[in-house]
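Structure below is my_file12.txt: compact mmCIF, C-alpha atoms and all ligand atoms.
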# COMPACT_ATOMS: atom_id res chain seq x y z
CA MET A 1 50.94 -90.96 -6.33
CA ILE A 2 53.83 -91.74 -3.97
CA GLN A 3 52.41 -89.02 -1.68
CA LYS A 4 48.98 -90.64 -1.76
CA LEU A 5 50.53 -94.02 -0.96
CA ILE A 6 52.41 -92.53 2.01
CA GLN A 7 49.35 -90.68 3.29
CA LYS A 8 47.26 -93.81 3.07
CA ILE A 9 49.90 -95.85 4.91
CA GLN A 10 49.97 -93.21 7.65
CA LYS A 11 46.20 -93.11 7.91
CA THR A 12 45.69 -96.88 8.03
CA HIS A 13 48.89 -97.63 10.04
CA ALA A 14 49.17 -100.54 7.65
CA PRO A 15 52.25 -100.71 5.41
CA ILE A 16 50.69 -103.56 3.51
CA VAL A 17 49.38 -104.43 0.07
CA VAL A 18 46.75 -107.06 -0.61
CA GLY A 19 47.74 -109.00 -3.70
CA LEU A 20 44.75 -109.75 -5.89
CA ASP A 21 46.09 -112.91 -7.55
CA PRO A 22 42.92 -114.94 -8.10
CA MET A 23 43.03 -118.56 -9.21
CA LEU A 24 39.76 -120.26 -10.11
CA SER A 25 40.54 -122.95 -7.55
CA TYR A 26 40.37 -120.34 -4.75
CA VAL A 27 36.95 -119.08 -5.79
CA PRO A 28 34.29 -120.65 -3.54
CA ALA A 29 31.84 -123.04 -5.20
CA HIS A 30 28.79 -120.79 -4.73
CA ILE A 31 30.44 -117.97 -6.69
CA GLN A 32 31.65 -120.29 -9.45
CA LYS A 33 28.17 -121.80 -9.71
CA ARG A 34 26.50 -118.41 -10.14
CA ALA A 35 29.04 -117.28 -12.74
CA PHE A 36 28.79 -120.53 -14.71
CA GLU A 37 24.98 -120.43 -14.67
CA GLU A 38 25.14 -117.01 -16.25
CA HIS A 39 28.06 -117.46 -18.67
CA GLY A 40 28.58 -121.23 -18.94
CA GLU A 41 31.83 -123.02 -18.12
CA THR A 42 33.69 -120.63 -20.39
CA LEU A 43 36.44 -118.03 -20.13
CA GLU A 44 33.68 -115.48 -19.57
CA GLY A 45 32.31 -117.60 -16.72
CA ALA A 46 35.75 -117.92 -15.15
CA ALA A 47 36.43 -114.20 -15.52
CA GLU A 48 33.08 -113.35 -13.93
CA ALA A 49 33.86 -115.71 -11.03
CA ILE A 50 37.26 -114.14 -10.30
CA TRP A 51 35.81 -110.64 -10.58
CA GLN A 52 33.01 -111.41 -8.09
CA TYR A 53 35.55 -113.05 -5.78
CA ASN A 54 37.86 -110.00 -5.95
CA LYS A 55 34.99 -107.59 -5.40
CA GLU A 56 33.84 -109.33 -2.24
CA ILE A 57 37.38 -109.39 -0.85
CA VAL A 58 37.93 -105.71 -1.66
CA ASP A 59 34.60 -104.80 -0.05
CA HIS A 60 35.75 -106.51 3.14
CA VAL A 61 39.28 -105.08 3.39
CA TYR A 62 39.45 -101.71 1.61
CA ASP A 63 39.06 -99.66 4.80
CA LEU A 64 42.02 -101.38 6.45
CA ILE A 65 44.64 -101.04 3.72
CA PRO A 66 46.35 -98.46 1.52
CA ALA A 67 46.90 -100.48 -1.64
CA VAL A 68 46.23 -103.56 -3.73
CA LYS A 69 48.41 -105.35 -6.25
CA PRO A 70 46.54 -107.24 -8.95
CA GLN A 71 48.93 -109.66 -10.70
CA ILE A 72 48.05 -109.51 -14.39
CA ALA A 73 49.15 -113.10 -15.13
CA MET A 74 46.28 -114.44 -13.06
CA TYR A 75 43.85 -112.59 -15.34
CA GLU A 76 45.69 -113.18 -18.62
CA GLN A 77 45.26 -116.91 -18.18
CA PHE A 78 41.58 -116.32 -18.95
CA GLY A 79 42.36 -114.45 -22.17
CA ILE A 80 40.40 -111.35 -23.14
CA PRO A 81 37.60 -111.89 -20.57
CA GLY A 82 40.36 -112.23 -17.96
CA LEU A 83 41.90 -108.92 -18.98
CA MET A 84 38.48 -107.30 -18.72
CA ALA A 85 38.21 -108.67 -15.17
CA PHE A 86 41.67 -107.15 -14.49
CA LYS A 87 40.49 -103.75 -15.70
CA LYS A 88 37.25 -103.99 -13.72
CA THR A 89 39.30 -104.85 -10.63
CA VAL A 90 41.65 -101.89 -11.16
CA ASP A 91 38.73 -99.49 -11.62
CA TYR A 92 36.77 -100.86 -8.67
CA CYS A 93 39.76 -100.58 -6.34
CA LYS A 94 40.35 -97.00 -7.48
CA SER A 95 36.70 -96.20 -6.80
CA LYS A 96 37.38 -97.40 -3.23
CA ASP A 97 40.31 -94.92 -3.10
CA LEU A 98 42.92 -97.68 -2.99
CA VAL A 99 46.32 -97.21 -4.61
CA VAL A 100 46.61 -99.80 -7.38
CA ILE A 101 49.94 -101.42 -8.16
CA GLY A 102 49.66 -103.27 -11.46
CA ASP A 103 52.00 -106.22 -11.18
CA ILE A 104 52.94 -106.48 -14.86
CA LYS A 105 56.75 -106.89 -14.65
CA ARG A 106 57.33 -105.37 -18.07
CA GLY A 107 60.53 -104.00 -19.57
CA ASP A 108 61.76 -104.16 -23.18
CA ILE A 109 63.63 -102.07 -25.75
CA GLY A 110 62.79 -98.40 -25.44
CA SER A 111 60.02 -98.15 -28.02
CA THR A 112 58.26 -101.23 -26.67
CA SER A 113 58.62 -100.13 -23.04
CA ALA A 114 57.09 -96.81 -24.09
CA ALA A 115 54.01 -98.66 -25.36
CA TYR A 116 53.73 -100.68 -22.14
CA ALA A 117 54.06 -97.49 -20.10
CA VAL A 118 51.38 -95.73 -22.13
CA GLY A 119 49.03 -98.73 -21.92
CA HIS A 120 49.35 -99.20 -18.17
CA LEU A 121 50.12 -95.75 -16.74
CA GLY A 122 49.56 -93.17 -19.43
CA LYS A 123 47.21 -92.27 -22.23
CA VAL A 124 47.27 -93.36 -25.84
CA LYS A 125 46.57 -90.81 -28.58
CA VAL A 126 43.90 -91.69 -31.09
CA GLY A 127 43.48 -88.85 -33.57
CA ASN A 128 42.53 -85.82 -31.50
CA ASN A 129 41.57 -87.89 -28.50
CA SER A 130 43.60 -89.61 -25.84
CA PHE A 131 42.54 -92.58 -23.75
CA ALA A 132 43.83 -94.23 -20.61
CA GLY A 133 44.26 -97.98 -21.02
CA PHE A 134 44.54 -99.98 -17.83
CA ASP A 135 45.34 -96.88 -15.78
CA GLU A 136 47.04 -98.36 -12.72
CA ASP A 137 48.80 -96.01 -10.24
CA PHE A 138 52.10 -97.92 -10.11
CA VAL A 139 53.48 -100.84 -12.12
CA THR A 140 56.29 -103.30 -11.56
CA VAL A 141 59.17 -103.12 -14.05
CA ASN A 142 61.88 -105.59 -15.00
CA PRO A 143 65.19 -103.71 -15.41
CA TYR A 144 67.11 -106.43 -17.27
CA LEU A 145 67.28 -104.36 -20.47
CA GLY A 146 68.92 -101.39 -18.74
CA THR A 147 68.24 -97.66 -18.74
CA ASP A 148 66.57 -97.35 -22.14
CA GLY A 149 64.08 -100.06 -21.13
CA VAL A 150 63.21 -98.26 -17.88
CA LYS A 151 63.28 -94.61 -18.93
CA PRO A 152 60.00 -94.68 -20.92
CA PHE A 153 58.23 -95.81 -17.73
CA VAL A 154 59.89 -93.02 -15.74
CA ASP A 155 58.90 -90.44 -18.38
CA VAL A 156 55.24 -91.46 -18.28
CA CYS A 157 55.30 -91.44 -14.47
CA LYS A 158 56.63 -87.87 -14.49
CA GLU A 159 53.85 -86.78 -16.80
CA GLU A 160 51.06 -88.65 -15.06
CA LYS A 161 52.32 -88.43 -11.45
CA LYS A 162 52.43 -92.18 -11.12
CA GLY A 163 55.14 -94.59 -9.96
CA LEU A 164 57.20 -97.73 -10.44
CA PHE A 165 58.58 -100.63 -8.47
CA ILE A 166 61.66 -102.03 -10.19
CA LEU A 167 62.79 -105.62 -9.55
CA VAL A 168 66.03 -105.57 -7.55
CA LYS A 169 66.13 -108.80 -5.51
CA THR A 170 63.19 -111.10 -6.07
CA SER A 171 61.68 -113.40 -3.47
CA ASN A 172 61.85 -116.70 -5.38
CA PRO A 173 64.24 -119.56 -4.57
CA SER A 174 66.25 -119.18 -7.82
CA SER A 175 66.59 -115.40 -7.59
CA GLY A 176 70.27 -115.72 -6.72
CA GLU A 177 71.11 -117.55 -9.93
CA PHE A 178 71.68 -114.23 -11.71
CA GLN A 179 70.89 -111.56 -9.13
CA ASP A 180 73.56 -112.69 -6.62
CA ARG A 181 76.33 -113.04 -9.23
CA LEU A 182 79.36 -110.97 -8.33
CA ILE A 183 80.44 -108.22 -10.67
CA ASP A 184 83.64 -106.46 -9.60
CA GLY A 185 83.14 -108.19 -6.25
CA ARG A 186 79.59 -106.96 -5.68
CA PRO A 187 76.30 -108.80 -6.17
CA LEU A 188 74.28 -107.72 -9.19
CA TYR A 189 71.27 -106.81 -7.02
CA GLU A 190 73.37 -104.13 -5.28
CA LEU A 191 74.31 -102.61 -8.62
CA VAL A 192 70.66 -102.65 -9.70
CA GLY A 193 69.71 -101.07 -6.36
CA GLU A 194 72.24 -98.27 -6.94
CA GLN A 195 70.79 -97.68 -10.37
CA VAL A 196 67.24 -97.58 -8.98
CA ALA A 197 68.39 -94.89 -6.53
CA LYS A 198 69.91 -92.95 -9.45
CA TRP A 199 66.84 -93.30 -11.64
CA GLY A 200 64.81 -91.98 -8.73
CA GLU A 201 66.95 -88.90 -8.01
CA ASP A 202 64.94 -86.49 -10.11
CA CYS A 203 61.64 -88.24 -9.41
CA MET A 204 61.09 -87.10 -5.86
CA GLY A 205 57.86 -86.64 -3.95
CA ASP A 206 58.42 -84.92 -0.56
CA ASP A 207 60.71 -87.49 1.05
CA TYR A 208 60.50 -90.50 -1.22
CA SER A 209 60.99 -91.08 -4.90
CA TYR A 210 58.22 -92.48 -7.07
CA VAL A 211 60.80 -94.87 -8.53
CA GLY A 212 60.69 -97.71 -6.01
CA ALA A 213 62.19 -101.18 -5.81
CA VAL A 214 61.02 -104.76 -5.30
CA VAL A 215 62.95 -106.79 -2.73
CA GLY A 216 61.63 -110.13 -1.49
CA ALA A 217 60.68 -110.67 2.17
CA THR A 218 62.48 -114.00 1.90
CA TYR A 219 65.88 -112.25 1.74
CA PRO A 220 65.98 -110.07 4.88
CA GLU A 221 69.79 -109.67 4.95
CA GLN A 222 69.82 -108.39 1.40
CA GLY A 223 66.86 -106.16 2.28
CA LYS A 224 68.90 -104.54 5.05
CA VAL A 225 71.76 -103.73 2.67
CA LEU A 226 69.43 -102.52 -0.07
CA ARG A 227 67.53 -100.27 2.34
CA LYS A 228 70.78 -98.32 2.84
CA ILE A 229 71.69 -98.29 -0.86
CA MET A 230 68.29 -96.83 -1.82
CA PRO A 231 67.32 -94.63 1.16
CA LYS A 232 64.76 -92.61 -0.80
CA SER A 233 63.13 -95.50 -2.65
CA PHE A 234 60.00 -97.17 -1.41
CA ILE A 235 60.45 -100.94 -1.34
CA LEU A 236 57.63 -103.26 -2.34
CA VAL A 237 58.24 -106.42 -0.32
CA PRO A 238 56.51 -109.56 -1.63
CA GLY A 239 57.02 -112.98 -0.09
CA TYR A 240 55.14 -112.50 3.18
CA GLY A 241 52.88 -115.39 4.19
CA ALA A 242 52.63 -118.06 1.50
CA GLN A 243 56.36 -117.79 0.66
CA GLY A 244 57.38 -117.87 4.31
CA GLY A 245 58.17 -114.19 5.10
CA LYS A 246 57.19 -113.00 8.62
CA GLY A 247 56.92 -109.59 10.29
CA ALA A 248 60.14 -110.10 12.26
CA ASP A 249 62.06 -110.56 8.98
CA LEU A 250 60.92 -107.24 7.65
CA VAL A 251 62.01 -104.58 10.10
CA HIS A 252 65.16 -103.66 8.18
CA PHE A 253 63.20 -102.98 5.02
CA PHE A 254 61.81 -99.89 6.76
CA ASN A 255 63.53 -96.57 7.40
CA GLU A 256 63.70 -94.93 10.81
CA ASP A 257 60.68 -92.81 9.93
CA GLY A 258 58.68 -96.08 9.95
CA LEU A 259 58.11 -95.69 6.21
CA GLY A 260 59.87 -96.85 3.07
CA ALA A 261 58.40 -100.32 2.69
CA ILE A 262 55.08 -101.84 1.77
CA VAL A 263 54.62 -105.56 2.26
CA ASN A 264 52.53 -107.69 -0.08
CA SER A 265 50.61 -110.84 0.67
CA SER A 266 48.43 -112.42 -1.98
CA ARG A 267 47.47 -116.07 -1.32
CA GLY A 268 47.85 -115.55 2.44
CA ILE A 269 44.99 -113.03 2.32
CA ILE A 270 42.73 -113.91 -0.59
CA ALA A 271 42.75 -117.64 0.11
CA ALA A 272 42.93 -117.29 3.91
CA TYR A 273 39.74 -119.31 4.34
CA LYS A 274 41.65 -122.38 3.15
CA GLN A 275 44.11 -122.10 6.05
CA GLU A 276 43.44 -124.06 9.22
CA GLN A 277 43.47 -120.97 11.43
CA TYR A 278 40.68 -119.33 9.41
CA ALA A 279 38.75 -122.51 8.55
CA LYS A 280 35.99 -121.52 10.99
CA TYR A 281 34.79 -118.89 8.48
CA GLY A 282 34.05 -121.55 5.88
CA GLU A 283 33.83 -121.01 2.13
CA GLU A 284 30.69 -118.89 2.39
CA HIS A 285 32.46 -116.30 4.53
CA PHE A 286 35.78 -116.35 2.68
CA ALA A 287 36.01 -112.55 2.57
CA GLU A 288 35.65 -112.30 6.36
CA ALA A 289 38.56 -114.70 6.63
CA SER A 290 40.51 -112.36 4.35
CA ARG A 291 39.70 -109.44 6.63
CA ALA A 292 40.89 -111.40 9.67
CA ALA A 293 44.11 -112.29 7.81
CA VAL A 294 44.70 -108.62 6.93
CA GLU A 295 44.19 -107.66 10.59
CA ALA A 296 46.65 -110.37 11.68
CA MET A 297 49.23 -109.21 9.11
CA ILE A 298 48.94 -105.58 10.23
CA ALA A 299 49.37 -106.66 13.86
CA ASP A 300 52.34 -108.92 13.06
CA ILE A 301 54.23 -106.20 11.17
CA GLY A 302 53.20 -103.52 13.67
CA THR A 303 54.49 -105.58 16.61
CA ALA A 304 57.76 -106.33 14.84
CA LEU A 305 58.32 -102.63 14.08
CA GLU A 306 57.48 -101.65 17.69
CA ARG A 307 59.92 -104.24 19.05
CA ALA A 308 62.67 -103.01 16.76
CA LYS A 309 62.41 -99.41 18.07
O1 LIG B 401 56.80 -108.04 -8.17
C1 LIG B 401 56.23 -108.77 -7.35
O2 LIG B 401 55.22 -108.39 -6.77
C2 LIG B 401 56.87 -110.01 -6.94
C3 LIG B 401 58.25 -110.00 -6.92
C4 LIG B 401 58.92 -111.02 -6.24
O3 LIG B 401 60.13 -110.99 -6.08
N1 LIG B 401 58.20 -112.04 -5.70
C5 LIG B 401 56.83 -112.10 -5.80
O4 LIG B 401 56.25 -113.04 -5.26
N2 LIG B 401 56.16 -111.13 -6.48
C6 LIG B 401 54.69 -111.22 -6.70
O5 LIG B 401 54.06 -111.12 -5.42
C7 LIG B 401 52.95 -112.01 -5.33
C8 LIG B 401 53.22 -113.00 -4.21
O6 LIG B 401 52.11 -113.82 -3.99
P1 LIG B 401 51.95 -114.70 -2.66
O7 LIG B 401 53.16 -115.56 -2.56
O8 LIG B 401 50.70 -115.48 -2.92
O9 LIG B 401 51.82 -113.76 -1.51
C9 LIG B 401 52.81 -112.63 -6.72
O10 LIG B 401 51.93 -111.80 -7.45
C10 LIG B 401 54.20 -112.53 -7.30
O11 LIG B 401 54.18 -112.43 -8.71

Rewritten as structure tokens:
Amino acid sequence: MIQKLIQKIQKTHAPIVVGLDPMLSYVPAHIQKRAFEEHGETLEGAAEAIWQYNKEIVDHVYDLIPAVKPQIAMYEQFGIPGLMAFKKTVDYCKSKDLVVIGDIKRGDIGSTSAAYAVGHLGKVKVGNNSFAGFDEDFVTVNPYLGTDGVKPFVDVCKEEKKGLFILVKTSNPSSGEFQDRLIDGRPLYELVGEQVAKWGEDCMGDDYSYVGAVVGATYPEQGKVLRKIMPKSFILVPGYGAQGGKGADLVHFFNEDGLGAIVNSSRGIIAAYKQEQYAKYGEEHFAEASRAAVEAMIADIGTALERAK
């Protein structure tokens, strides 16, 4: 799957991910109205509304981008109907040949991680049958429990040719509280980065490992250091747009081959129509605003990478 991600980045010239993080408050009134008429003001109605919203956005941007990242929390808030909308979104994006990164941020004791890995990346055995659960291509993993919490994900990835992005330095304001703590004089995120590189050593595609890392766009200096610590790991870079990250901050997340990073924007794309610069599209044409925001993001990152050459 890492090879597919790389090929798609090369084909689209767009090292970006659209984050499908729907909130009901972003869904335009006409879509909510239709969903509520059909299902009432219920969890089913909300789930239908976010699914229709996602679908229209995907239909307007899929040809421009290599990958999407649905954030499962946004679906879980609507309970079981929400999870069904998550699964529909995953399947629809795959039918559009997009790489799907399930943002699930799991990680537990070994046996529990194994169940998460099977449910999201692998297949569960039921008698003589086996079934894929959510079936994303990559998932995000929290490494706080150490190697035995991560290894079950790596094992399933090996079997299924899928991949991981492991949290190394997160984009949020409090990320330094633990992640920047010095251990033997070095910040924890560097030690985690070294471990990600090690976990990835026998998980290689052609040039890159399918064990990647997450490093926030909001910490460009740390990104520069981590790029060198994990030369063969793809870095998923969230924090662009709504959290303040800009193209110029991101150049050091990439390797000299122009690869090695994929930048996520969620609210900045899916709720673009709410921003002043895209207001002209109006609520009715929200997905066209998303397309314009994707084009602007590709241009911003492309220009920054050109300038850095
Ligand atoms: O793993 C992630 O994707 C992630 C890690 C991180 O450090 N920061 C971060 O914002 N994210 C996710 O990236 C998305 C960012 O959303 P926006 O701020 O709306 O672009 C959300 O789904 C977050 O959960």

Exercise: Val68 of chain A partners within 9 Å, all atoms listed in the file, chain neighbours under 5 positions left out, as a PyMOL selection string
chain A and resi 16-20+58+62+90+93+98-102+264

Hey, which residues sit close to ligand LIG 401 (chain B)? Say within 6 Å, counting all atoms listed in the file, and write them as a VMD selection string.
chain A and resid 21 71 103 140 170 to 172 216 238 to 240 242 to 243 265 to 268

Measuring atom to atom with only C-alpha atoms, identify which of A:Ile31, A:Val150, A:Ala271, A:Leu5 is nearest to Leu236 of chain A.
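Going through A:Ile31, A:Val150, A:Ala271, A:Leu5 one by one, the smallest distance to Leu236 of chain A is for A:Leu5.
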
Cut-off 12 Å around (51.1, -106.9, 15.0) with all atoms listed in the file: residues as number ranges by chain:
A: 13-16, 246-248, 293-307

Using only C-alpha atoms, which of the listed residues (A:Phe178, A:Tyr144, A:Phe78, A:Phe86) sits closest to Asp108 of chain A?
A:Tyr144

Could you work out how far atom CA of His285 of chain A lies from atom CA of Trp51 of chain A, giving the answer in Å with one decimal?
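Atom CA of His285 of chain A lies at a distance of 16.5 Å from atom CA of Trp51 of chain A.
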